[in-house]
Structures are given as C-alpha cells and as structure tokens.
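Just upload-v4.pdb here, PDB, C-alpha atoms:
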ATOM      1  CA  MET W 206       7.601  -5.550  -1.138
ATOM      2  CA  LYS W 207       9.877  -4.421   1.673
ATOM      3  CA  THR W 208      10.483  -0.871   2.743
ATOM      4  CA  GLY W 209      13.705   0.248   4.348
ATOM      5  CA  ILE W 210      13.756   2.769   7.166
ATOM      6  CA  ILE W 211      16.930   4.453   8.360
ATOM      7  CA  ILE W 212      16.916   5.874  11.889
ATOM      8  CA  ILE W 213      19.775   8.177  12.873
ATOM      9  CA  PHE W 214      20.843   8.132  16.535
ATOM     10  CA  HIS W 215      23.244  10.414  18.392
ATOM     11  CA  ASN W 216      23.659  10.080  22.164
ATOM     12  CA  ASN W 217      20.158   8.618  22.671
ATOM     13  CA  GLU W 218      21.056   6.025  25.312
ATOM     14  CA  LYS W 219      18.506   7.384  27.827
ATOM     15  CA  GLU W 220      15.651   7.325  25.287
ATOM     16  CA  ILE W 221      16.221   3.788  23.953
ATOM     17  CA  ASP W 222      14.063   1.120  25.595
ATOM     18  CA  THR W 223      15.575  -1.992  23.995
ATOM     19  CA  SER W 224      12.839  -4.424  25.058
ATOM     20  CA  PHE W 225      10.092  -2.124  23.709
ATOM     21  CA  PHE W 226      11.997  -1.601  20.433
ATOM     22  CA  ILE W 227      12.501  -5.335  20.005
ATOM     23  CA  GLU W 228       8.830  -6.092  20.757
ATOM     24  CA  GLN W 229       7.598  -3.487  18.243
ATOM     25  CA  ILE W 230      10.117  -4.348  15.523
ATOM     26  CA  LYS W 231       9.325  -8.064  15.698
ATOM     27  CA  GLN W 232       5.709  -7.215  14.819
ATOM     28  CA  THR W 233       6.669  -5.549  11.531
ATOM     29  CA  LYS W 234       6.343  -7.693   8.440
ATOM     30  CA  ASN W 235       7.692  -5.709   5.529
ATOM     31  CA  LEU W 236      10.280  -3.411   7.050
ATOM     32  CA  GLU W 237      14.042  -3.575   6.970
ATOM     33  CA  LEU W 238      15.527  -1.179   9.543
ATOM     34  CA  CYS W 239      18.958   0.406   9.528
ATOM     35  CA  LEU W 240      19.913   1.989  12.846
ATOM     36  CA  VAL W 241      22.734   4.477  12.286
ATOM     37  CA  ASN W 242      24.853   5.439  15.284
ATOM     38  CA  ASN W 243      26.271   8.875  14.479
ATOM     39  CA  ASP W 244      29.389   8.991  16.705
ATOM     40  CA  SER W 245      27.558   8.678  20.033
ATOM     41  CA  LYS W 246      29.690   9.215  23.137
ATOM     42  CA  ASP W 247      27.320   7.238  25.406
ATOM     43  CA  ASN W 248      26.107   3.606  25.187
ATOM     44  CA  THR W 249      23.791   4.193  22.212
ATOM     45  CA  TYR W 250      25.802   1.926  19.906
ATOM     46  CA  LYS W 251      25.786  -0.920  22.459
ATOM     47  CA  LEU W 252      21.983  -0.701  22.790
ATOM     48  CA  LEU W 253      21.518  -0.621  19.010
ATOM     49  CA  LYS W 254      23.674  -3.759  18.730
ATOM     50  CA  GLU W 255      21.437  -5.497  21.305
ATOM     51  CA  ILE W 256      18.381  -4.683  19.171
ATOM     52  CA  THR W 257      20.150  -5.987  16.055
ATOM     53  CA  GLU W 258      21.028  -9.269  17.753
ATOM     54  CA  ALA W 259      17.378  -9.830  18.726
ATOM     55  CA  CYS W 260      15.755  -8.826  15.401
ATOM     56  CA  ASN W 261      16.569 -10.358  12.032
ATOM     57  CA  ASN W 262      15.294  -7.321  10.080
ATOM     58  CA  VAL W 263      17.592  -4.779  11.752
ATOM     59  CA  SER W 264      21.131  -3.696  10.826
ATOM     60  CA  VAL W 265      23.440  -1.195  12.497
ATOM     61  CA  VAL W 266      25.839   1.219  10.834
ATOM     62  CA  ASN W 267      28.381   2.796  13.168
ATOM     63  CA  ILE W 268      29.753   6.185  12.085
ATOM     64  CA  LYS W 269      32.915   6.912  14.057
ATOM     65  CA  LYS W 270      33.212  10.610  13.193
ATOM     66  CA  PHE W 271      30.129  12.810  13.654
ATOM     67  CA  LYS W 272      28.393  13.771  10.393
ATOM     68  CA  PRO W 273      25.544  16.178   9.632
ATOM     69  CA  ASP W 274      22.130  14.459   9.481
ATOM     70  CA  ASN W 275      21.959  14.373   5.674
ATOM     71  CA  SER W 276      25.393  12.691   5.478
ATOM     72  CA  ALA W 277      24.430  10.156   8.147
ATOM     73  CA  VAL W 278      21.223   9.385   6.206
ATOM     74  CA  ARG W 279      23.294   8.903   3.035
ATOM     75  CA  SER W 280      25.577   6.467   4.881
ATOM     76  CA  GLY W 281      22.558   4.433   5.946
ATOM     77  CA  ALA W 282      21.058   4.631   2.453
ATOM     78  CA  ARG W 283      24.262   3.380   0.805
ATOM     79  CA  PHE W 284      24.376   0.466   3.260
ATOM     80  CA  MET W 285      20.720  -0.431   2.659
ATOM     81  CA  PHE W 286      21.053  -0.081  -1.119
ATOM     82  CA  ASN W 287      24.099  -2.373  -1.210
ATOM     83  CA  LYS W 288      22.708  -4.989   1.186
ATOM     84  CA  PHE W 289      19.009  -5.181   0.212
ATOM     85  CA  ASP W 290      16.886  -4.846  -2.901
ATOM     86  CA  LEU W 291      14.513  -2.129  -1.679
ATOM     87  CA  ASN W 292      12.284   0.089  -3.793
ATOM     88  CA  HIS W 293      11.333   2.396  -0.913
ATOM     89  CA  LEU W 294      13.681   3.916   1.624
ATOM     90  CA  GLY W 295      12.660   6.309   4.366
ATOM     91  CA  TYR W 296      14.590   8.034   7.118
ATOM     92  CA  VAL W 297      14.160   9.573  10.557
ATOM     93  CA  THR W 298      16.659  11.620  12.517
ATOM     94  CA  THR W 299      16.068  11.361  16.235
ATOM     95  CA  ASN W 300      17.247  14.911  16.903
ATOM     96  CA  LEU W 301      14.200  16.166  14.971
ATOM     97  CA  LEU W 302      11.822  14.276  17.262
ATOM     98  CA  ASN W 303      10.157  15.948  20.183
ATOM     99  CA  ILE W 304      11.520  13.441  22.716
ATOM    100  CA  ARG W 305       9.395  14.795  25.580
ATOM    101  CA  TYR W 306       6.058  14.294  23.838
ATOM    102  CA  HIS W 307       6.519  11.360  21.503
ATOM    103  CA  GLY W 308       9.960   9.905  22.083
ATOM    104  CA  LEU W 309      11.640   7.020  20.371
ATOM    105  CA  ASN W 310       9.094   4.520  21.696
ATOM    106  CA  GLY W 311       6.328   6.583  20.113
ATOM    107  CA  LEU W 312       8.215   6.672  16.820
ATOM    108  CA  ILE W 313       8.790   2.919  16.737
ATOM    109  CA  LYS W 314       5.165   2.271  17.693
ATOM    110  CA  ALA W 315       3.895   4.678  14.999
ATOM    111  CA  ILE W 316       6.078   3.017  12.362
ATOM    112  CA  ASN W 317       4.835  -0.420  13.439
ATOM    113  CA  GLU W 318       1.150   0.604  13.497
ATOM    114  CA  ASN W 319       1.333   2.524  10.194
ATOM    115  CA  GLU W 320       3.669   0.240   8.252
ATOM    116  CA  GLU W 321       1.193  -0.393   5.414
ATOM    117  CA  PHE W 322       0.077   3.244   5.250
ATOM    118  CA  ILE W 323       3.679   4.445   4.992
ATOM    119  CA  LEU W 324       4.308   2.068   2.091
ATOM    120  CA  ASP W 325       1.043   3.007   0.328
ATOM    121  CA  TYR W 326       1.663   6.718   0.844
ATOM    122  CA  ASN W 327       5.171   6.401  -0.568
ATOM    123  CA  GLN W 328       3.983   4.412  -3.606
ATOM    124  CA  ASN W 329       1.356   7.071  -4.364
ATOM    125  CA  SER W 330       3.957   9.796  -3.954
ATOM    126  CA  VAL W 331       6.356   8.010  -6.324
ATOM    127  CA  LYS W 332       3.587   7.633  -8.930
ATOM    128  CA  LYS W 333       3.056  11.408  -8.911
ATOM    129  CA  HIS W 334       6.724  11.900  -9.902
ATOM    130  CA  LYS W 335       6.687  10.316 -13.322
ATOM    131  CA  MET W 336      10.496  10.377 -13.691
ATOM    132  CA  LYS W 337      12.604   7.639 -12.156
ATOM    133  CA  GLN W 338      14.398   9.102  -9.170
ATOM    134  CA  THR W 339      17.947   8.377  -8.061
ATOM    135  CA  LEU W 340      18.517   6.601  -4.757
ATOM    136  CA  PHE W 341      18.984   9.804  -2.779
ATOM    137  CA  GLN W 342      16.106  11.622  -4.521
ATOM    138  CA  SER W 343      13.763   8.777  -3.628
ATOM    139  CA  LEU W 344      14.487   8.916   0.124
ATOM    140  CA  PHE W 345      11.406  10.010   2.040
ATOM    141  CA  SER W 346      10.924  11.474   5.498
ATOM    142  CA  VAL W 347       9.016   9.000   7.677
ATOM    143  CA  ILE W 348       8.064  11.817  10.077
ATOM    144  CA  GLY W 349       6.642  13.827   7.166
ATOM    145  CA  TYR W 350       4.573  10.839   6.050
ATOM    146  CA  LEU W 351       3.302  10.172   9.565
ATOM    147  CA  LYS W 352       2.300  13.836   9.923
ATOM    148  CA  ASN W 353       0.470  13.728   6.573
ATOM    149  CA  LEU W 354      -1.275  10.478   7.513
ATOM    150  CA  LYS W 355      -2.381  12.017  10.811
ATOM    151  CA  ILE W 356      -3.759  15.088   9.006
ATOM    152  CA  GLU W 357      -5.509  12.953   6.365
ATOM    153  CA  ASN W 358      -7.011  10.661   9.023
ATOM    154  CA  LYS W 359      -8.368  13.656  10.947
ATOM    155  CA  PHE W 360      -9.897  15.005   7.715
ATOM    156  CA  ILE W 361     -11.457  11.627   6.845
ATOM    157  CA  ASN W 362     -12.825  11.260  10.398
ATOM    158  CA  LEU W 363     -14.232  14.810  10.231
ATOM    159  CA  GLN W 364     -15.933  14.076   6.894
ATOM    160  CA  TYR W 365     -17.293  10.798   8.270
ATOM    161  CA  GLN W 366     -18.725  12.564  11.348
ATOM    162  CA  ARG W 367     -20.442  15.131   9.093
ATOM    163  CA  GLY W 368     -21.943  12.405   6.953
ATOM    164  CA  HIS W 369     -20.081  13.114   3.680
TER
END
Structure rendered as structure tokens:
Amino acid sequence: MKTGIIIIFHNNEKEIDTSFFIEQIKQTKNLELCLVNNDSKDNTYKLLKEITEACNNVSVVNIKKFKPDNSAVRSGARFMFNKFDLNHLGYVTTNLLNIRYHGLNGLIKAINENEEFILDYNQNSVKKHKMKQTLFQSLFSVIGYLKNLKIENKFINLQYQRGH
C-alpha cells in the first residue's frame, strides 16, 4: 500500500541538494511524492523538475500565484488524488521546518528511514477515527508524525533501559 507525501516549497533553492534528494528518494519503496512549488522566485522549480526526472515516484505541481500553505497542500492533494489511488496522504511545508537544525536533507532522510513507521502510525490513527474521512480530513502532518515517533521511541528506549 503506497503512501503519498506532499512537500510544499517556496524559494528553497539554497536548501535543495538534488543529488541527496534523489539518492534518498530512490531508496523509498512505498512512497509517492508530490513536490509543490508555491510560486518560487528563485530556481526552486528547476531543481524540483531535476528530481522528478531522476525519480519515477516523484511528481511536481507548479503553482504560479503564491497561495497560503493550506491551499498549496490542497493543490497537491487534489493532484495526488486524481493521479494515484492512495489511502494515506501526508504533507510537509518547508517553511515550518527549522532549516538551520534539520533542513530539507534531514526531512528527506527522516521520511526515508521512517517510511514504514509513518504508514503504520497513520493506519493506527485512522482506525481510531471510526468514521470515514474526506480527502482533506484524512491529510496528516508528516512532521507531527515524526515528532510523535521520536517521543514514542525515547519512551520505549527509556522503558527498555529501566527493565520494564
């Protein structure tokens, strides 16, 4: 079962390491990525196109007039919904990342390394909501999931160290 992840970019040319992105993305098995360029004035769109050309599980949506993050996410979600049959769709907006400490490379690496955990966490979350959600209600924050996984892993490691 594939999971879709939408990543919103706006003027991130300096933070995008195309070769690192391509290397990490090619290691993912069950992810379909949608890179949304939200009216960047630099070469962000060109770099995203390079990544798309090198990876068969990556698409680019180019928004020509700047939109708020939630509208840009919806644009990516509509594209993913129409192009792929995905049950799980997450999103990340790069302006919410702490570029200095983690950066885009850290995000891509974390998504790659935690691909299965993100899917499992989302499936468990969906099971808790017994009602069927609409497309936009079912979108999940990848950053939120990664933060929760980090907290849970620390707790599990702490319990393990204490012998519980």
Q. Nearest to Lys352 of chain W: which of W:Leu252, W:Leu324, W:Leu291, W:Ala315 is it, counting only C-alpha atoms?
A. W:Ala315
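Using all atoms listed in the file, the nearest neighbour of Val297 of chain W within the list W:Val266, W:Val278, W:Ala259, W:Ile221 is W:Val278.
Considering the residues W:Thr298, W:Glu220, W:Ser264, W:Ile316 and counting all atoms listed in the file, Lys234 of chain W has its shortest atom-to-atom contact with W:Ile316.
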Q: Evaluate the PyMOL selection byres ((chain W and resi 226) around 9) here and jot the selected residues down as a PyMOL selection string.
A: chain W and resi 221-225+227-231+256+309-310+313-314
(Q) Could you check the closest approach to Gly311 of chain W for each of W:Asn216, W:Thr299, W:Ser346, W:Gln232 and tell me which residue wins, using all atoms listed in the file? (A) W:Thr299
